$ cat target04.cif   # mmCIF, C-alpha atoms
data_entry
loop_
_atom_site.label_atom_id
_atom_site.label_comp_id
_atom_site.auth_asym_id
_atom_site.auth_seq_id
_atom_site.Cartn_x
_atom_site.Cartn_y
_atom_site.Cartn_z
CA SER A 1 -34.28 16.07 32.20
CA ASP A 2 -31.59 18.14 30.51
CA ALA A 3 -29.83 18.43 33.88
CA VAL A 4 -29.15 14.67 34.01
CA LYS A 5 -25.88 13.71 32.38
CA LEU A 6 -26.05 10.15 31.03
CA LYS A 7 -22.96 7.96 31.20
CA ASN A 8 -22.00 5.15 28.82
CA CYS A 9 -21.48 1.58 29.94
CA THR A 10 -17.67 1.65 30.18
CA ALA A 11 -17.33 -1.85 28.72
CA CYS A 12 -19.44 -1.83 25.55
CA ARG A 13 -20.45 1.86 25.30
CA LEU A 14 -23.76 0.79 23.75
CA VAL A 15 -26.09 1.87 26.57
CA LYS A 16 -26.31 5.06 28.63
CA TYR A 17 -27.31 5.24 32.30
CA CYS A 18 -28.38 8.02 34.58
CA GLY A 19 -26.47 6.51 37.50
CA VAL A 20 -25.00 3.44 39.17
CA ASP A 21 -28.32 2.29 40.61
CA CYS A 22 -29.93 2.37 37.17
CA GLN A 23 -27.02 0.39 35.74
CA LYS A 24 -27.30 -2.27 38.48
CA VAL A 25 -31.03 -2.73 37.82
CA HIS A 26 -30.39 -3.22 34.10
CA ARG A 27 -27.35 -5.47 34.55
CA LYS A 28 -29.12 -8.82 34.08
CA GLN A 29 -30.76 -7.71 30.85
CA HIS A 30 -27.61 -6.08 29.50
CA LYS A 31 -24.95 -8.63 30.53
CA ASN A 32 -24.98 -10.93 27.48
CA LEU A 33 -25.18 -8.12 24.93
CA CYS A 34 -22.38 -6.30 26.74
CA LYS A 35 -20.08 -9.35 26.67
CA GLN A 36 -20.81 -9.90 22.97
CA ARG A 37 -20.00 -6.29 22.09
CA VAL A 38 -16.79 -6.32 24.16
CA ALA A 39 -15.67 -9.46 22.32
CA GLU A 40 -16.40 -7.77 18.98
CA LEU A 41 -14.38 -4.69 19.98
CA ASN A 42 -11.46 -6.85 21.12
CA ASP A 43 -11.52 -8.79 17.85
CA GLU A 44 -11.61 -5.57 15.87
CA GLN A 45 -8.39 -4.45 17.58
CA LEU A 46 -6.81 -7.90 17.35
CA TYR A 47 -7.30 -8.29 13.60
CA THR A 48 -6.78 -4.69 12.48
CA GLN A 49 -3.56 -3.97 14.39
CA GLY A 50 -0.09 -5.41 13.88
CA HIS A 51 -0.05 -5.70 10.08
CA GLU A 52 3.44 -4.20 9.82
CA ARG A 53 6.62 -5.57 11.35
CA PRO A 54 8.19 -3.59 14.20
CA GLU A 55 11.29 -1.44 13.89
CA GLY A 56 13.53 -4.14 15.41
CA ASP A 57 12.77 -6.43 12.45
CA PHE A 58 14.53 -4.07 10.03
CA CYS A 59 18.27 -4.01 9.45
CA PRO A 60 19.50 -0.58 10.66
CA ILE A 61 22.03 -0.39 7.80
CA CYS A 62 20.08 -1.28 4.64
CA THR A 63 16.71 -0.54 6.36
CA LEU A 64 15.08 -3.61 4.76
CA PRO A 65 12.97 -6.07 6.75
CA ILE A 66 15.03 -9.11 7.78
CA PRO A 67 13.87 -12.48 6.37
CA LEU A 68 12.31 -14.93 8.80
CA PRO A 69 13.34 -16.60 10.97
CA MET A 70 15.57 -13.64 11.76
CA ASN A 71 18.20 -15.62 13.67
CA GLU A 72 18.99 -17.50 10.43
CA HIS A 73 19.37 -14.35 8.34
CA SER A 74 20.99 -11.86 10.70
CA PHE A 75 23.46 -11.40 13.54
CA PHE A 76 22.68 -9.82 16.91
CA LYS A 77 25.51 -7.51 17.96
CA VAL A 78 26.01 -7.44 21.73
CA CYS A 79 28.03 -4.23 21.50
CA CYS A 80 25.08 -2.10 20.34
CA SER A 81 22.07 -4.48 20.55
CA LYS A 82 21.46 -4.10 16.83
CA ARG A 83 20.43 -6.96 14.57
CA ILE A 84 22.37 -6.70 11.29
CA CYS A 85 21.21 -8.68 8.24
CA SER A 86 23.50 -11.23 6.62
CA GLY A 87 23.77 -9.09 3.48
CA CYS A 88 25.12 -6.04 5.29
CA THR A 89 27.42 -8.19 7.44
CA PHE A 90 28.76 -9.86 4.29
CA ALA A 91 29.22 -6.52 2.54
CA ALA A 92 31.17 -5.16 5.53
CA LYS A 93 33.51 -8.16 5.51
CA LYS A 94 34.09 -7.71 1.76
CA ARG A 95 35.24 -4.17 2.51
CA GLY A 96 37.70 -5.51 5.08
CA MET A 97 35.76 -4.36 8.15
CA SER A 98 36.48 -6.61 11.14
CA GLY A 99 34.35 -4.90 13.80
CA CYS A 100 30.62 -4.36 14.16
CA PRO A 101 29.19 -3.05 10.85
CA PHE A 102 26.95 -0.65 12.76
CA CYS A 103 28.94 0.81 15.68
CA ARG A 104 32.46 -0.25 14.56
CA THR A 105 33.24 -1.81 17.96
CA SER A 106 35.68 -4.73 17.90
CA LEU A 107 33.91 -8.07 18.05
CA PRO A 108 34.23 -10.11 21.29
CA ASP A 109 36.74 -12.98 21.25
CA SER A 110 35.07 -15.35 23.72
CA ASP A 111 31.80 -16.20 25.47
CA ALA A 112 33.10 -14.34 28.53
CA ASP A 113 33.58 -11.20 26.42
CA VAL A 114 30.10 -11.57 24.92
CA LEU A 115 28.59 -11.93 28.39
CA ALA A 116 30.49 -8.91 29.69
CA SER A 117 29.31 -6.78 26.74
CA ILE A 118 25.69 -7.81 27.13
CA GLN A 119 25.72 -7.25 30.89
CA LYS A 120 26.93 -3.68 30.35
CA ARG A 121 23.88 -3.00 28.21
CA VAL A 122 21.60 -4.81 30.65
CA LEU A 123 22.74 -2.41 33.37
CA LYS A 124 21.68 0.44 31.06
CA LYS A 125 18.17 -1.10 30.87
CA ASP A 126 18.47 -1.97 27.17
CA PRO A 127 15.39 -4.17 26.46
CA ALA A 128 17.02 -6.03 23.55
CA ALA A 129 20.06 -6.86 25.70
CA ILE A 130 17.86 -8.03 28.58
CA ASP A 131 15.89 -10.25 26.19
CA PHE A 132 19.16 -11.68 24.82
CA LEU A 133 20.41 -12.46 28.33
CA GLY A 134 17.07 -14.14 29.05
CA ARG A 135 17.54 -16.40 26.02
CA SER A 136 21.10 -17.16 27.11
CA TYR A 137 19.84 -18.40 30.50
CA ALA A 138 17.03 -20.36 28.82
CA ASN A 139 19.48 -22.18 26.53
CA GLY A 140 22.41 -22.40 28.93
CA ASN A 141 24.64 -20.39 26.59
CA LEU A 142 27.72 -18.25 27.29
CA GLY A 143 28.78 -20.53 30.14
CA LEU A 144 25.57 -19.81 32.09
CA GLN A 145 23.67 -22.52 33.91
CA ARG A 146 20.19 -23.04 32.47
CA ASP A 147 17.70 -21.17 34.64
CA MET A 148 14.18 -20.69 33.26
CA GLN A 149 12.96 -18.67 36.22
CA LYS A 150 15.82 -16.24 35.67
CA SER A 151 14.86 -16.12 31.98
CA VAL A 152 11.23 -15.36 32.78
CA ASN A 153 12.25 -12.59 35.17
CA LEU A 154 14.52 -11.05 32.54
CA TRP A 155 11.90 -11.34 29.80
CA THR A 156 9.31 -9.75 32.06
CA GLU A 157 11.63 -6.79 32.63
CA ALA A 158 12.44 -6.56 28.91
CA ALA A 159 8.74 -6.65 27.99
CA GLU A 160 7.99 -3.86 30.45
CA LEU A 161 10.74 -1.82 28.76
CA GLY A 162 9.17 -2.40 25.33
CA SER A 163 10.70 -5.61 23.94
CA ILE A 164 8.22 -7.37 21.65
CA GLU A 165 10.55 -10.37 21.35
CA ALA A 166 10.39 -10.77 25.12
CA LEU A 167 6.58 -10.95 24.97
CA CYS A 168 6.85 -13.82 22.49
CA ASN A 169 9.47 -15.57 24.62
CA LEU A 170 7.27 -15.26 27.70
CA GLY A 171 4.47 -16.92 25.76
CA LEU A 172 6.74 -19.77 24.68
CA ALA A 173 7.98 -20.24 28.24
CA HIS A 174 4.46 -20.49 29.62
CA VAL A 175 3.63 -23.22 27.10
CA THR A 176 6.81 -25.29 27.33
CA GLU A 177 7.66 -24.84 31.00
CA PHE A 178 4.37 -24.17 32.78
CA ASN A 179 1.78 -25.73 30.43
CA ASP A 180 -0.22 -22.49 30.65
CA VAL A 181 -1.60 -21.81 27.18
CA ALA A 182 -4.08 -19.16 28.36
CA THR A 183 -1.30 -16.93 29.71
CA ALA A 184 0.82 -17.60 26.62
CA VAL A 185 -2.04 -16.38 24.42
CA LYS A 186 -2.17 -13.11 26.38
CA PHE A 187 1.53 -12.47 25.75
CA TRP A 188 1.30 -13.48 22.09
CA THR A 189 -1.74 -11.27 21.59
CA LYS A 190 0.17 -8.23 22.89
CA ALA A 191 3.11 -9.06 20.61
CA ALA A 192 0.99 -9.86 17.55
CA MET A 193 -0.83 -6.53 17.81
CA GLN A 194 2.59 -4.88 17.52
CA GLY A 195 3.53 -6.79 14.37
CA HIS A 196 5.37 -9.83 15.78
CA VAL A 197 5.05 -12.52 13.10
CA GLU A 198 5.83 -15.61 15.20
CA SER A 199 3.33 -14.57 17.85
CA ARG A 200 0.65 -14.02 15.20
CA HIS A 201 1.38 -17.47 13.76
CA ASN A 202 1.12 -19.00 17.24
CA LEU A 203 -2.30 -17.43 17.76
CA GLY A 204 -3.42 -18.92 14.44
CA SER A 205 -2.17 -22.35 15.48
CA ILE A 206 -4.01 -22.15 18.81
CA GLU A 207 -7.26 -21.20 17.07
CA ALA A 208 -6.82 -24.07 14.59
CA GLN A 209 -6.34 -26.51 17.48
CA LYS A 210 -9.60 -25.25 18.98
CA GLY A 211 -11.40 -25.81 15.67
CA ASN A 212 -11.87 -22.06 15.09
CA HIS A 213 -10.65 -22.28 11.51
CA ASP A 214 -11.94 -18.90 10.30
CA ARG A 215 -10.14 -17.14 13.14
CA ALA A 216 -7.03 -19.25 12.48
CA VAL A 217 -6.91 -18.25 8.82
CA LYS A 218 -7.27 -14.56 9.73
CA HIS A 219 -4.23 -14.75 12.00
CA LEU A 220 -2.17 -16.83 9.60
CA MET A 221 -2.98 -14.56 6.65
CA ILE A 222 -1.66 -11.54 8.56
CA ALA A 223 1.56 -13.43 9.37
CA VAL A 224 1.92 -14.61 5.76
CA LYS A 225 1.80 -11.08 4.37
CA MET A 226 4.69 -10.12 6.65
CA GLY A 227 6.83 -13.01 5.40
CA GLY A 228 5.81 -15.91 7.64
CA LYS A 229 6.65 -19.08 5.70
CA ASP A 230 5.30 -21.39 8.42
CA SER A 231 1.95 -19.64 8.13
CA VAL A 232 1.82 -20.28 4.37
CA GLU A 233 2.41 -23.96 5.01
CA SER A 234 -0.30 -24.00 7.69
CA ILE A 235 -2.86 -22.49 5.29
CA GLN A 236 -1.78 -25.00 2.64
CA ARG A 237 -2.46 -27.90 5.04
CA MET A 238 -5.80 -26.39 6.03
CA CYS A 239 -6.71 -26.10 2.35
CA MET A 240 -5.83 -29.76 1.77
CA PHE A 241 -8.25 -30.78 4.52
CA GLY A 242 -11.00 -28.42 3.40
CA LEU A 243 -10.53 -26.05 6.34
CA ALA A 244 -9.42 -23.13 4.14
CA THR A 245 -10.41 -22.30 0.58
CA LYS A 246 -8.24 -22.45 -2.54
CA GLU A 247 -8.75 -18.72 -2.87
CA GLN A 248 -7.35 -18.18 0.62
CA TYR A 249 -4.33 -20.32 -0.18
CA ALA A 250 -3.76 -18.40 -3.42
CA GLU A 251 -3.99 -15.12 -1.50
CA ALA A 252 -1.50 -16.46 1.05
CA LEU A 253 0.99 -17.47 -1.65
CA LYS A 254 0.73 -14.07 -3.34
CA GLY A 255 1.10 -12.24 -0.02
CA TYR A 256 4.12 -14.29 0.97
CA GLN A 257 5.82 -13.81 -2.41
CA ASP A 258 5.29 -10.04 -2.18
CA ALA A 259 6.79 -9.98 1.32
CA VAL A 260 9.81 -12.01 0.20
CA GLU A 261 10.45 -9.61 -2.70
CA GLU A 262 10.51 -6.68 -0.27
CA MET A 263 13.24 -8.40 1.74
CA LYS A 264 15.58 -9.09 -1.18
CA SER A 265 18.83 -7.26 -1.87
CA HIS A 266 21.94 -7.91 -3.96
CA ASP A 267 24.13 -8.32 -0.87
CA ARG A 268 21.68 -10.75 0.74
CA ASP A 269 21.44 -12.82 -2.44
CA GLU A 270 25.23 -12.95 -2.72
CA ALA A 271 25.64 -13.89 0.94
CA LYS A 272 23.11 -16.70 0.52
CA ARG A 273 24.75 -17.94 -2.69
CA LEU A 274 28.12 -18.15 -0.97
CA GLY A 275 26.66 -19.82 2.13
CA PHE A 276 27.55 -16.91 4.40
#

$ encode --input "target04.cif" --output "structure tokens"
Amino acid sequence: SDAVKLKNCTACRLVKYCGVDCQKVHRKQHKNLCKQRVAELNDEQLYTQGHERPEGDFCPICTLPIPLPMNEHSFFKVCCSKRICSGCTFAAKKRGMSGCPFCRTSLPDSDADVLASIQKRVLKKDPAAIDFLGRSYANGNLGLQRDMQKSVNLWTEAAELGSIEALCNLGLAHVTEFNDVATAVKFWTKAAMQGHVESRHNLGSIEAQKGNHDRAVKHLMIAVKMGGKDSVESIQRMCMFGLATKEQYAEALKGYQDAVEEMKSHDRDEAKRLGF
């Protein structure tokens, strides 16, 4: 009757029920269709989100996306937790600036000074600083003893505070330290849907290993169009073995070239030419 208010299945939203008892009776018939629709909805989110790089991937001075891998084309400043591209760092040095190009703070003289600076920002709950400290423990840098459990704890905190890099690092840790690919995929999925290129590439690689080549190409193509060189090379190899089409490889090359053009600047070109 008109007085009965029907409620959607909360998972797939395809079917309406008059109550819990009705839903329980229909569960056996509906189960498979429900799972299929939920998977479709998850895929729709997975492949339509995260096509643009996050704010932390852009140099705060020139506002251009930083070439990948970012650690080879930029410098993380522990004083302000900003990642400054090599071009802007080079330009600042040409002007005689000796401190941080962003906040003008004097640069630390030793590992102890770097650690002290980063710990100050960690106490302020700065997610980028917490992620950096996690990497320092993972690599045994700054005079710290290598401690992966400490790294995981720090990355977990950083991720909860919004660090996308920390999500990727948690995924890597679960693969390399705990041999837990399923959990790694969960972290990489969260990061990829926020525009993290390495995480998106990793998802593509996992799908390729499973033999899900169409899904792999979808992931890799997204990474390519944000400047992921490794993803271009992966699609090239897939094309050579007949697992991706020539058209897909051509699209990947074009997408990568467009992304690279967006990251170019005079200062970056000059810094690269001079080996800075």

$ atom_distance --input "target04.cif" --atom1 "CA of Val114 in chain A" --atom2 "CA of Gly99 in chain A"
13.6 Å

$ closest_residue --input "target04.cif" --among "A:Lys124, A:Lys7, A:Lys225, A:His201" --to "Gly255 in chain A" --atoms "all atoms listed in the file"
A:Lys225

$ residues_near_point --input "target04.cif" --point "(-2.3, -17.3, -0.7)" --cutoff "10 Å" --atoms "all atoms listed in the file" --output "PyMOL selection string"
chain A and resi 221+224-225+232-233+235-236+245-257

$ resolve_selection --input "target04.cif" --expression "the PyMOL selection byres ((chain A and resi 68) around 7)" --output "MDAnalysis selection string"
chainID A and resid 66:67 69:70 227:228

$ residues_around --input "target04.cif" --residues "Ala173 in chain A" --least-positions-apart "6" --cutoff "12 Å" --atoms "only C-alpha atoms" --output "count of residues only"
23

$ closest_residue --input "target04.cif" --among "A:Arg146, A:Lys24, A:His196, A:Arg95" --to "Arg53 in chain A" --atoms "all atoms listed in the file"
A:His196

$ atom_distance --input "target04.cif" --atom1 "CA of Arg13 in chain A" --atom2 "CA of Arg200 in chain A"
28.3 Å

$ resolve_selection --input "target04.cif" --expression "the PyMOL selection byres ((chain A and resi 11) around 10)" --output "count of residues only"
12

$ residues_around --input "target04.cif" --residues "Asn71 in chain A" --least-positions-apart "5" --cutoff "10 Å" --atoms "all atoms listed in the file" --output "ChimeraX atom specification"
/A:66,76,83,85-86

$ write_last_selection --input "target04.cif" --atoms "C-alpha atoms" --output "compact mmCIF listing (two decimals), keeping the file's coordinate frame"
# COMPACT_ATOMS: atom_id res chain seq x y z
CA ILE A 66 15.03 -9.11 7.78
CA PHE A 76 22.68 -9.82 16.91
CA ARG A 83 20.43 -6.96 14.57
CA CYS A 85 21.21 -8.68 8.24
CA SER A 86 23.50 -11.23 6.62

$ closest_residue --input "target04.cif" --among "A:Leu46, A:Cys80, A:Cys168, A:Ala91" --to "Ser106 in chain A" --atoms "all atoms listed in the file"
A:Cys80

$ closest_atom_pairs --input "target04.cif" --of "range 95-133 of chain A" --to "range 55-59 of chain A" --cutoff "12 Å" --atoms "all atoms listed in the file" --output "Markdown table"
| residue | atom | partner | partner_atom | distance |
| --- | --- | --- | --- | --- |
| A:Pro101 | CA | A:Cys59 | CA | 11.1 |
| A:Phe102 | CA | A:Cys59 | CA | 9.9 |
| A:Pro127 | CA | A:Gly56 | CA | 11.2 |
| A:Ala128 | CA | A:Gly56 | CA | 9.1 |

$ atom_distance --input "target04.cif" --atom1 "CA of Ser163 in chain A" --atom2 "CA of Asp126 in chain A"
9.2 Å

$ closest_residue --input "target04.cif" --among "A:Ser234, A:Lys31, A:Gly275, A:Gln49" --to "Gln209 in chain A" --atoms "only C-alpha atoms"
A:Ser234

$ resolve_selection --input "target04.cif" --expression "the PyMOL selection byres ((chain A and resi 243) around 10)" --output "list in words"
Ala208, Gly211, Asn212, His213, Asp214, Ala216, Val217, Ile235, Gln236, Arg237, Met238, Cys239, Met240, Phe241, Gly242, Ala244, Thr245 and Lys246 of chain A

$ closest_residue --input "target04.cif" --among "A:Phe132, A:Phe75, A:Tyr47, A:Tyr137" --to "Phe90 in chain A" --atoms "all atoms listed in the file"
A:Phe75

$ closest_residue --input "target04.cif" --among "A:Asp131, A:Asp21, A:Asp111, A:Glu198" --to "Gly50 in chain A" --atoms "all atoms listed in the file"
A:Glu198

$ residues_near_point --input "target04.cif" --point "(31.4, -10.3, 26.9)" --cutoff "12 Å" --atoms "all atoms listed in the file" --output "PyMOL selection string"
chain A and resi 77-79+106-122+129+133+142-143

$ decode --input "target04.cif" --residues "range 41-64 of chain A" --atoms "N, CA, C and O atoms" --output "PDB file, in the first residue's frame"
ATOM      1  N   LEU A  41      30.017  -1.068  -9.178  1.00  0.00           N
ATOM      2  CA  LEU A  41      30.051   0.266  -8.570  1.00  0.00           C
ATOM      3  C   LEU A  41      31.449   0.602  -8.053  1.00  0.00           C
ATOM      4  O   LEU A  41      31.932   1.729  -8.207  1.00  0.00           O
ATOM      5  N   ASN A  42      32.110  -0.395  -7.451  1.00  0.00           N
ATOM      6  CA  ASN A  42      33.472  -0.176  -6.962  1.00  0.00           C
ATOM      7  C   ASN A  42      34.430   0.125  -8.105  1.00  0.00           C
ATOM      8  O   ASN A  42      35.297   1.000  -7.999  1.00  0.00           O
ATOM      9  N   ASP A  43      34.281  -0.616  -9.209  1.00  0.00           N
ATOM     10  CA  ASP A  43      35.134  -0.378 -10.377  1.00  0.00           C
ATOM     11  C   ASP A  43      34.898   1.005 -10.970  1.00  0.00           C
ATOM     12  O   ASP A  43      35.836   1.680 -11.412  1.00  0.00           O
ATOM     13  N   GLU A  44      33.635   1.408 -10.982  1.00  0.00           N
ATOM     14  CA  GLU A  44      33.298   2.729 -11.527  1.00  0.00           C
ATOM     15  C   GLU A  44      34.029   3.815 -10.747  1.00  0.00           C
ATOM     16  O   GLU A  44      34.607   4.745 -11.323  1.00  0.00           O
ATOM     17  N   GLN A  45      34.051   3.695  -9.418  1.00  0.00           N
ATOM     18  CA  GLN A  45      34.780   4.658  -8.590  1.00  0.00           C
ATOM     19  C   GLN A  45      36.282   4.547  -8.812  1.00  0.00           C
ATOM     20  O   GLN A  45      36.986   5.553  -8.944  1.00  0.00           O
ATOM     21  N   LEU A  46      36.772   3.304  -8.867  1.00  0.00           N
ATOM     22  CA  LEU A  46      38.209   3.066  -8.984  1.00  0.00           C
ATOM     23  C   LEU A  46      38.791   3.664 -10.254  1.00  0.00           C
ATOM     24  O   LEU A  46      39.873   4.248 -10.239  1.00  0.00           O
ATOM     25  N   TYR A  47      38.069   3.530 -11.368  1.00  0.00           N
ATOM     26  CA  TYR A  47      38.626   3.955 -12.656  1.00  0.00           C
ATOM     27  C   TYR A  47      38.228   5.377 -13.063  1.00  0.00           C
ATOM     28  O   TYR A  47      38.784   5.910 -14.016  1.00  0.00           O
ATOM     29  N   THR A  48      37.280   5.974 -12.365  1.00  0.00           N
ATOM     30  CA  THR A  48      36.883   7.340 -12.724  1.00  0.00           C
ATOM     31  C   THR A  48      37.467   8.385 -11.782  1.00  0.00           C
ATOM     32  O   THR A  48      37.440   9.579 -12.088  1.00  0.00           O
ATOM     33  N   GLN A  49      38.011   7.960 -10.645  1.00  0.00           N
ATOM     34  CA  GLN A  49      38.593   8.900  -9.691  1.00  0.00           C
ATOM     35  C   GLN A  49      40.125   8.827  -9.738  1.00  0.00           C
ATOM     36  O   GLN A  49      40.699   7.818 -10.118  1.00  0.00           O
ATOM     37  N   GLY A  50      40.758   9.920  -9.339  1.00  0.00           N
ATOM     38  CA  GLY A  50      42.214   9.937  -9.242  1.00  0.00           C
ATOM     39  C   GLY A  50      42.929  10.141 -10.562  1.00  0.00           C
ATOM     40  O   GLY A  50      44.011   9.601 -10.768  1.00  0.00           O
ATOM     41  N   HIS A  51      42.345  10.937 -11.460  1.00  0.00           N
ATOM     42  CA  HIS A  51      42.980  11.214 -12.750  1.00  0.00           C
ATOM     43  C   HIS A  51      43.849  12.473 -12.711  1.00  0.00           C
ATOM     44  O   HIS A  51      44.456  12.828 -13.717  1.00  0.00           O
ATOM     45  N   GLU A  52      43.865  13.149 -11.580  1.00  0.00           N
ATOM     46  CA  GLU A  52      44.697  14.343 -11.436  1.00  0.00           C
ATOM     47  C   GLU A  52      45.589  14.175 -10.209  1.00  0.00           C
ATOM     48  O   GLU A  52      45.155  13.641  -9.188  1.00  0.00           O
ATOM     49  N   ARG A  53      46.818  14.621 -10.314  1.00  0.00           N
ATOM     50  CA  ARG A  53      47.763  14.477  -9.218  1.00  0.00           C
ATOM     51  C   ARG A  53      47.366  15.367  -8.039  1.00  0.00           C
ATOM     52  O   ARG A  53      46.784  16.438  -8.227  1.00  0.00           O
ATOM     53  N   PRO A  54      47.685  14.937  -6.827  1.00  0.00           N
ATOM     54  CA  PRO A  54      47.290  15.704  -5.637  1.00  0.00           C
ATOM     55  C   PRO A  54      48.121  16.971  -5.469  1.00  0.00           C
ATOM     56  O   PRO A  54      49.171  17.145  -6.092  1.00  0.00           O
ATOM     57  N   GLU A  55      47.666  17.819  -4.583  1.00  0.00           N
ATOM     58  CA  GLU A  55      48.311  19.122  -4.363  1.00  0.00           C
ATOM     59  C   GLU A  55      49.783  18.977  -3.985  1.00  0.00           C
ATOM     60  O   GLU A  55      50.620  19.778  -4.408  1.00  0.00           O
ATOM     61  N   GLY A  56      50.129  17.947  -3.211  1.00  0.00           N
ATOM     62  CA  GLY A  56      51.504  17.758  -2.769  1.00  0.00           C
ATOM     63  C   GLY A  56      52.474  17.423  -3.881  1.00  0.00           C
ATOM     64  O   GLY A  56      53.691  17.457  -3.679  1.00  0.00           O
ATOM     65  N   ASP A  57      51.961  17.094  -5.073  1.00  0.00           N
ATOM     66  CA  ASP A  57      52.813  16.787  -6.228  1.00  0.00           C
ATOM     67  C   ASP A  57      53.195  18.028  -7.021  1.00  0.00           C
ATOM     68  O   ASP A  57      53.903  17.931  -8.021  1.00  0.00           O
ATOM     69  N   PHE A  58      52.721  19.189  -6.595  1.00  0.00           N
ATOM     70  CA  PHE A  58      52.994  20.447  -7.303  1.00  0.00           C
ATOM     71  C   PHE A  58      53.974  21.289  -6.489  1.00  0.00           C
ATOM     72  O   PHE A  58      53.845  21.404  -5.268  1.00  0.00           O
ATOM     73  N   CYS A  59      54.944  21.858  -7.173  1.00  0.00           N
ATOM     74  CA  CYS A  59      55.878  22.762  -6.500  1.00  0.00           C
ATOM     75  C   CYS A  59      55.105  23.994  -6.022  1.00  0.00           C
ATOM     76  O   CYS A  59      54.381  24.615  -6.812  1.00  0.00           O
ATOM     77  N   PRO A  60      55.226  24.368  -4.740  1.00  0.00           N
ATOM     78  CA  PRO A  60      54.452  25.511  -4.230  1.00  0.00           C
ATOM     79  C   PRO A  60      54.957  26.862  -4.728  1.00  0.00           C
ATOM     80  O   PRO A  60      54.300  27.883  -4.507  1.00  0.00           O
ATOM     81  N   ILE A  61      56.111  26.881  -5.402  1.00  0.00           N
ATOM     82  CA  ILE A  61      56.652  28.148  -5.901  1.00  0.00           C
ATOM     83  C   ILE A  61      56.240  28.389  -7.352  1.00  0.00           C
ATOM     84  O   ILE A  61      55.619  29.402  -7.676  1.00  0.00           O
ATOM     85  N   CYS A  62      56.564  27.455  -8.237  1.00  0.00           N
ATOM     86  CA  CYS A  62      56.200  27.638  -9.655  1.00  0.00           C
ATOM     87  C   CYS A  62      54.819  27.061  -9.967  1.00  0.00           C
ATOM     88  O   CYS A  62      54.279  27.314 -11.050  1.00  0.00           O
ATOM     89  N   THR A  63      54.265  26.296  -9.038  1.00  0.00           N
ATOM     90  CA  THR A  63      52.925  25.679  -9.121  1.00  0.00           C
ATOM     91  C   THR A  63      52.792  24.644 -10.240  1.00  0.00           C
ATOM     92  O   THR A  63      51.683  24.276 -10.609  1.00  0.00           O
ATOM     93  N   LEU A  64      53.906  24.157 -10.782  1.00  0.00           N
ATOM     94  CA  LEU A  64      53.871  23.126 -11.814  1.00  0.00           C
ATOM     95  C   LEU A  64      53.981  21.747 -11.170  1.00  0.00           C
ATOM     96  O   LEU A  64      54.617  21.598 -10.116  1.00  0.00           O
TER      97      LEU A  64
END
